[in-house]
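Structure first, then comments.
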Protein chains: 2
Amino acid sequence: MAREPVAVTEVFKALGDPIRWSIVQQIAQEDEFACSLLEDMLPVSKPTISYHTKILSQAGLIEVHKRGRNYFYSLRRDVMREVMGELWDLAPDEEKGAVRARPAPRAERAPAAADEADANVRLLTW
Amino acid sequence: MAREPVAVTEVFKALGDPIRWSIVQQIAQEDEFACSLLEDMLPVSKPTISYHTKILSQAGLIEVHKRGRNYFYSLRRDVMREVMGELWDLAPDEEKGAVRARPAPRAERAPAAADEADANVRLLTW
DNA sequence: CGGCTAGATTCATAGTTGCCGAATACTGGA
DNA sequence: TCCAGTATTCGGCAACTATGAATCTAGCCG
C-alpha cells in the first residue's frame with residue numbers, strides 16, 4: 001500500500017480538501033487514530049469518511065491498519081517530509097547567498113544569476 | 001490581489017493540479033516569469049493557462065504584474081513558507097523529544113525592503 | 001487612425017468530486 | 001451458528017472543474 005512513487009500533485013490534491021485536511025490534522029496527533037473517532041468529529045456520513053480516507057491512503061499520506069473489527073490510521077510522516085522538501089526546493093529560506101542545504105532529498109540546480117525571462121525552460125515532471 | 005486570509009486547503013488545492021504545479025515550478029526559478037513562456041511550454045490553450053494562473057493567484061501563491069502588454073508572474077515565497085510551516089507542525093523532523101522549534105513559528109522577519117502588498121497572508125487552519 | 005498582438009473573459013460541455021442511503025463484507029461474541 | 005458492531009463498496013445525484021472556441025480589451029507600431 002505504500003508504493004513509493006506517488007506524484008506530488010496527488011498528495012497536494014489529497015490535502016486540498018477541508019475534510020481531508022481535518023482528518024490529517026487529527027491523525028497527526030496520535031500514533032494511531034481510530035476510525036470511529038473520525039465519525040464522531042466530522043460532519044459527514046460514514047461512507048464519506050471512508051471515501052476520504054481512501055483518497056488519503058492512495059496518496060500515500062496515511063497508512064491503514066485493521067485490528068479486530070476496528071480500523072486505525074497513522075500518518076506517513078516520511079511522505080509529509082518529502083512533500084515539504086519539494087516545497088523547500090521552490091522557496092528556500094531567506095536566500096542568503098546560496099541555497100542552503102536542507103534535508104535535501106533532491107537534486108538542485110544553479111541558483112545563480114537567474115535574471116530575465118528566457119532562461120532554460122524545460123517541460124516537466126508529470 | 002492576495003486577499004487576506006487564504007485557507008491552507010485552498011493553497012493545496014491550487015498545487016494539486018499537474019499543470020499548476022508545473023507552472024509554479026517554472027515560476028519559482030525566476031524572479032519574474034513571462035506569461036508567454038508558459039504558453040510555449042504547456043500543452044494547453046491560452047485560455048486554460050489564464051484560468052490556471054488565476055487560480056494560483058487567488059490562492060495567493062503567485063503575484064501578477066503587467067508591464068506593457070505582457071504579463072509576468074512571481075512566486076509568493078512567503079506563502080510557500082507558511083504552507084511548509086503548516087506541514088511541519090504535523091510532521092516535525094525526527095521527533096527528538098517534543099515539538100522542536102521550527103524555522104519561523106508564525107511571523108517571519110521581513111526581507112528588509114517591504115514590498116508592496118506585504119499582506120501578511122495568515123493561513124487559516126479551517 | 002487602424003491594424004496587430006498578448007492575454008483575459010465568456011460560454012457550453014465533458015469529466016470529476018463529494019455526498020449519502022443502501023447493500024455488502026468481515027469480525028468477535030453469545 | 002447466528003447476531004451485532006464496524007467499516008467498505010455500490011449506485012446515483014448535484015455541484016464543481018477543466019477545457020477550447022469565440023469574443024473582448026489593452027497596449028504597441030505603422
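Simple scheme: letters A, B, ... for chains in C-alpha cells order, numbers from 1 for residues in each chain, numbers from 1 for ligands in the order shown.
Counting only C-alpha atoms (C1' of nucleotides), every residue of chain C that comes within 12 Å of chain A is listed here: DT17, DG18, DC19, DC20, DG21, DA22, DA25, DC26, DT27 and DG28 of chain C.
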Limited to N, CA and C atoms (P, O5', C5', C4', C3', O3' and C1' of nucleotides), could you put the picked residues into a file as an mmCIF file, in the first residue's frame?
data_model
loop_
_atom_site.group_PDB
_atom_site.id
_atom_site.type_symbol
_atom_site.label_atom_id
_atom_site.label_comp_id
_atom_site.auth_asym_id
_atom_site.auth_seq_id
_atom_site.Cartn_x
_atom_site.Cartn_y
_atom_site.Cartn_z
ATOM 1 P P DT C 17 -11.287 13.499 -9.506
ATOM 2 O "O5'" DT C 17 -12.255 14.148 -8.419
ATOM 3 C "C5'" DT C 17 -12.921 15.343 -8.730
ATOM 4 C "C4'" DT C 17 -13.549 15.977 -7.520
ATOM 5 C "C3'" DT C 17 -13.427 15.225 -6.200
ATOM 6 O "O3'" DT C 17 -13.415 16.186 -5.169
ATOM 7 C "C1'" DT C 17 -15.710 15.246 -6.903
ATOM 8 P P DG C 18 -13.251 15.755 -3.623
ATOM 9 O "O5'" DG C 18 -14.755 15.763 -3.144
ATOM 10 C "C5'" DG C 18 -15.426 17.010 -2.999
ATOM 11 C "C4'" DG C 18 -16.790 16.777 -2.395
ATOM 12 C "C3'" DG C 18 -16.778 15.936 -1.110
ATOM 13 O "O3'" DG C 18 -17.600 16.602 -0.158
ATOM 14 C "C1'" DG C 18 -18.223 14.974 -2.714
ATOM 15 P P DC C 19 -17.799 16.029 1.279
ATOM 16 O "O5'" DC C 19 -19.146 15.210 1.179
ATOM 17 C "C5'" DC C 19 -20.368 15.936 0.992
ATOM 18 C "C4'" DC C 19 -21.496 14.997 0.635
ATOM 19 C "C3'" DC C 19 -21.670 13.830 1.599
ATOM 20 O "O3'" DC C 19 -22.541 14.217 2.651
ATOM 21 C "C1'" DC C 19 -22.051 13.220 -0.697
ATOM 22 P P DC C 20 -22.771 13.253 3.875
ATOM 23 O "O5'" DC C 20 -23.977 12.343 3.398
ATOM 24 C "C5'" DC C 20 -25.170 12.951 2.913
ATOM 25 C "C4'" DC C 20 -26.023 11.886 2.276
ATOM 26 C "C3'" DC C 20 -26.353 10.727 3.208
ATOM 27 O "O3'" DC C 20 -27.759 10.550 3.278
ATOM 28 C "C1'" DC C 20 -25.497 9.940 1.129
ATOM 29 P P DG C 21 -28.371 9.636 4.420
ATOM 30 O "O5'" DG C 21 -28.945 8.399 3.579
ATOM 31 C "C5'" DG C 21 -29.925 8.636 2.566
ATOM 32 C "C4'" DG C 21 -30.228 7.340 1.826
ATOM 33 C "C3'" DG C 21 -30.579 6.169 2.734
ATOM 34 O "O3'" DG C 21 -31.566 5.376 2.075
ATOM 35 C "C1'" DG C 21 -28.626 5.653 1.505
ATOM 36 P P DA C 22 -32.187 4.097 2.744
ATOM 37 O "O5'" DA C 22 -31.427 2.912 2.004
ATOM 38 C "C5'" DA C 22 -31.476 2.852 0.574
ATOM 39 C "C4'" DA C 22 -30.575 1.731 0.090
ATOM 40 C "C3'" DA C 22 -30.757 0.419 0.845
ATOM 41 O "O3'" DA C 22 -30.932 -0.634 -0.095
ATOM 42 C "C1'" DA C 22 -28.472 1.018 0.760
ATOM 43 P P DA C 25 -20.600 -9.446 -0.204
ATOM 44 O "O5'" DA C 25 -19.551 -9.029 0.906
ATOM 45 C "C5'" DA C 25 -18.376 -8.327 0.507
ATOM 46 C "C4'" DA C 25 -17.493 -8.109 1.717
ATOM 47 C "C3'" DA C 25 -17.124 -9.408 2.436
ATOM 48 O "O3'" DA C 25 -15.744 -9.347 2.750
ATOM 49 C "C1'" DA C 25 -18.105 -7.884 3.953
ATOM 50 P P DC C 26 -14.921 -10.652 3.039
ATOM 51 O "O5'" DC C 26 -14.463 -10.410 4.534
ATOM 52 C "C5'" DC C 26 -13.860 -9.161 4.866
ATOM 53 C "C4'" DC C 26 -14.038 -8.911 6.350
ATOM 54 C "C3'" DC C 26 -13.704 -10.119 7.229
ATOM 55 O "O3'" DC C 26 -12.681 -9.737 8.107
ATOM 56 C "C1'" DC C 26 -15.696 -9.054 7.918
ATOM 57 P P DT C 27 -11.872 -10.851 8.938
ATOM 58 O "O5'" DT C 27 -12.349 -10.555 10.421
ATOM 59 C "C5'" DT C 27 -12.317 -9.225 10.900
ATOM 60 C "C4'" DT C 27 -13.056 -9.151 12.227
ATOM 61 C "C3'" DT C 27 -12.765 -10.328 13.151
ATOM 62 O "O3'" DT C 27 -12.262 -9.808 14.367
ATOM 63 C "C1'" DT C 27 -15.107 -9.909 12.983
ATOM 64 P P DG C 28 -11.460 -10.693 15.376
ATOM 65 O "O5'" DG C 28 -12.474 -10.696 16.601
ATOM 66 C "C5'" DG C 28 -12.890 -9.441 17.117
ATOM 67 C "C4'" DG C 28 -14.118 -9.650 17.978
ATOM 68 C "C3'" DG C 28 -13.952 -10.782 19.003
ATOM 69 O "O3'" DG C 28 -14.375 -10.281 20.261
ATOM 70 C "C1'" DG C 28 -15.912 -11.113 17.694
#
Tell me, counting only C-alpha atoms (C1' of nucleotides), for each residue of chain D within 10 Å of chain B, which pair of atoms is nearest and how far apart they are in Å to one decimal, in rows ordered by chain and increasing number, as JSON lines.
{"residue": "D:DA18", "atom": "C1'", "partner": "B:Thr48", "partner_atom": "CA", "distance": 7.8}
{"residue": "D:DT19", "atom": "C1'", "partner": "B:Thr48", "partner_atom": "CA", "distance": 6.6}
{"residue": "D:DG20", "atom": "C1'", "partner": "B:Ser45", "partner_atom": "CA", "distance": 7.0}
{"residue": "D:DA26", "atom": "C1'", "partner": "B:Arg69", "partner_atom": "CA", "distance": 7.2}
{"residue": "D:DG27", "atom": "C1'", "partner": "B:Arg69", "partner_atom": "CA", "distance": 5.4}
{"residue": "D:DC28", "atom": "C1'", "partner": "B:Arg69", "partner_atom": "CA", "distance": 8.0}
Got time to write the residues from that selection, N, CA and C atoms (P, O5', C5', C4', C3', O3' and C1' of nucleotides), as a compact mmCIF listing (two decimals), in the first residue's frame?
# COMPACT_ATOMS: atom_id res chain seq x y z
P DA D 18 -9.57 22.50 -11.82
O5' DA D 18 -9.64 22.13 -13.37
C5' DA D 18 -9.58 20.76 -13.74
C4' DA D 18 -9.71 20.65 -15.23
C3' DA D 18 -8.77 21.56 -16.02
O3' DA D 18 -8.14 20.78 -17.01
C1' DA D 18 -11.03 21.90 -16.70
P DT D 19 -7.09 21.44 -17.98
O5' DT D 19 -7.94 21.82 -19.25
C5' DT D 19 -8.48 20.77 -20.05
C4' DT D 19 -9.38 21.32 -21.11
C3' DT D 19 -8.78 22.47 -21.91
O3' DT D 19 -8.21 21.99 -23.10
C1' DT D 19 -11.10 22.77 -21.44
P DG D 20 -7.45 23.01 -24.08
O5' DG D 20 -8.60 23.40 -25.09
C5' DG D 20 -9.19 22.39 -25.90
C4' DG D 20 -10.26 23.00 -26.77
C3' DG D 20 -9.77 24.05 -27.76
O3' DG D 20 -10.58 23.98 -28.94
C1' DG D 20 -11.25 25.07 -26.22
P DA D 26 -9.92 48.11 -21.89
O5' DA D 26 -8.33 48.02 -22.01
C5' DA D 26 -7.64 47.17 -21.12
C4' DA D 26 -6.20 47.01 -21.58
C3' DA D 26 -5.50 48.34 -21.89
O3' DA D 26 -4.17 48.23 -21.43
C1' DA D 26 -5.45 46.98 -23.80
P DG D 27 -3.35 49.58 -21.09
O5' DG D 27 -2.13 49.50 -22.13
C5' DG D 27 -1.14 48.51 -21.92
C4' DG D 27 -0.51 48.16 -23.25
C3' DG D 27 0.35 49.28 -23.86
O3' DG D 27 1.59 48.70 -24.20
C1' DG D 27 -1.14 48.42 -25.45
P DC D 28 2.84 49.66 -24.41
O5' DC D 28 3.21 49.40 -25.94
C5' DC D 28 3.82 48.16 -26.29
C4' DC D 28 3.73 47.98 -27.79
C3' DC D 28 4.52 49.01 -28.59
O3' DC D 28 5.55 48.32 -29.28
C1' DC D 28 2.33 48.63 -29.48
At most 7 Å is the cut-off: for each residue in chain B with any atom that close to an atom of chain A, write down the nearest atom pair and the distance in Å rounded to one decimal, counting only C-alpha atoms, chain first then increasing number, as a tab-separated table.
residue	atom	partner	partner_atom	distance
B:Thr9	CA	A:Gly16	CA	4.4
B:Glu10	CA	A:Gly16	CA	6.2
B:Phe12	CA	A:Gly16	CA	4.5
B:Lys13	CA	A:Gly16	CA	4.1
B:Leu15	CA	A:Phe12	CA	6.0
B:Gly16	CA	A:Lys13	CA	4.0
B:Asp17	CA	A:Thr9	CA	5.7
B:Pro18	CA	A:Thr9	CA	5.9
B:Trp21	CA	A:Thr9	CA	6.9
B:Ser22	CA	A:Leu124	CA	6.9
B:Gln25	CA	A:Leu90	CA	6.7
B:Ala28	CA	A:Leu90	CA	5.5
B:Glu30	CA	A:Ala114	CA	5.7
B:Glu32	CA	A:Ala117	CA	6.8
B:Phe33	CA	A:Ala117	CA	5.7
B:Ala34	CA	A:Ala117	CA	6.0
B:Met41	CA	A:Leu123	CA	5.8
B:Arg77	CA	A:Ala91	CA	5.3
B:Met80	CA	A:Ala91	CA	6.4
B:Arg81	CA	A:Ala91	CA	6.8
B:Met84	CA	A:Met84	CA	5.8
B:Leu87	CA	A:Met84	CA	6.9
B:Leu90	CA	A:Ala28	CA	5.6
B:Ala91	CA	A:Arg77	CA	5.4
> Distance CA of Phe72 (chain A)-CA of Ser50 (chain A), one decimal place?
Replying inline: 12.0 Å
DT24 (chain C) surroundings by only C-alpha atoms (C1' of nucleotides), 10 Å radius, close-in-sequence under 3 positions cut, as a compact mmCIF listing (two decimals) with C-alpha atoms (C1' of nucleotides), in the first residue's frame:
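Done, and the output landed in around.txt:
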# COMPACT_ATOMS: atom_id res chain seq x y z
C1' DT D 8 -16.08 -0.55 2.93
C1' DT D 9 -18.23 -0.67 -1.62
C1' DC D 10 -22.07 0.38 -4.82
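The residue that comes closest to DT10 (chain C), out of D:DT23, D:DT6, D:DT17, D:DT1 and on the basis of only C-alpha atoms (C1' of nucleotides), is D:DT23.
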> Which polymer residues have any atom within 10 Å of an atom of DC3 (chain D), counting only C-alpha atoms (C1' of nucleotides), with same-chain residues fewer than 2 positions away left out, as a ChimeraX atom specification?
Replying inline: /C:29-30 /D:1,5
Now that the selection is made, can you save its residues with N, CA and C atoms (P, O5', C5', C4', C3', O3' and C1' of nucleotides) as a compact mmCIF listing (two decimals), in the first residue's frame?
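See part-v1.txt below for the written result:
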# COMPACT_ATOMS: atom_id res chain seq x y z
P DG C 29 -14.28 -11.16 21.55
O5' DG C 29 -15.82 -11.49 21.78
C5' DG C 29 -16.75 -10.41 21.88
C4' DG C 29 -18.17 -10.94 21.97
C3' DG C 29 -18.37 -12.04 23.03
O3' DG C 29 -19.62 -11.83 23.66
C1' DG C 29 -19.05 -12.83 20.94
P DA C 30 -19.94 -12.55 24.97
O5' DA C 30 -21.33 -13.26 24.64
C5' DA C 30 -22.47 -12.45 24.32
C4' DA C 30 -23.62 -13.34 23.87
C3' DA C 30 -23.96 -14.47 24.86
O3' DA C 30 -25.36 -14.62 24.97
C1' DA C 30 -23.31 -15.38 22.73
P DT D 1 -22.32 -22.74 10.58
O5' DT D 1 -23.74 -23.37 11.02
C5' DT D 1 -23.99 -23.75 12.40
C4' DT D 1 -24.83 -22.71 13.11
C3' DT D 1 -25.19 -21.51 12.23
O3' DT D 1 -26.60 -21.35 12.19
C1' DT D 1 -24.20 -20.81 14.30
P DG D 5 -25.03 -3.58 18.37
O5' DG D 5 -23.55 -3.47 17.81
C5' DG D 5 -22.48 -3.99 18.59
C4' DG D 5 -21.17 -3.82 17.84
C3' DG D 5 -20.94 -2.40 17.31
O3' DG D 5 -19.57 -2.10 17.54
C1' DG D 5 -20.84 -3.94 15.52
>> DSSP on the backbone: which residues in region 13-104 of chain A end up as helix (DSSP H, G or I)? Give the answer as a PyMOL selection string.
In response: chain A and resi 13-15+18-27+35-41+46-58+77-90
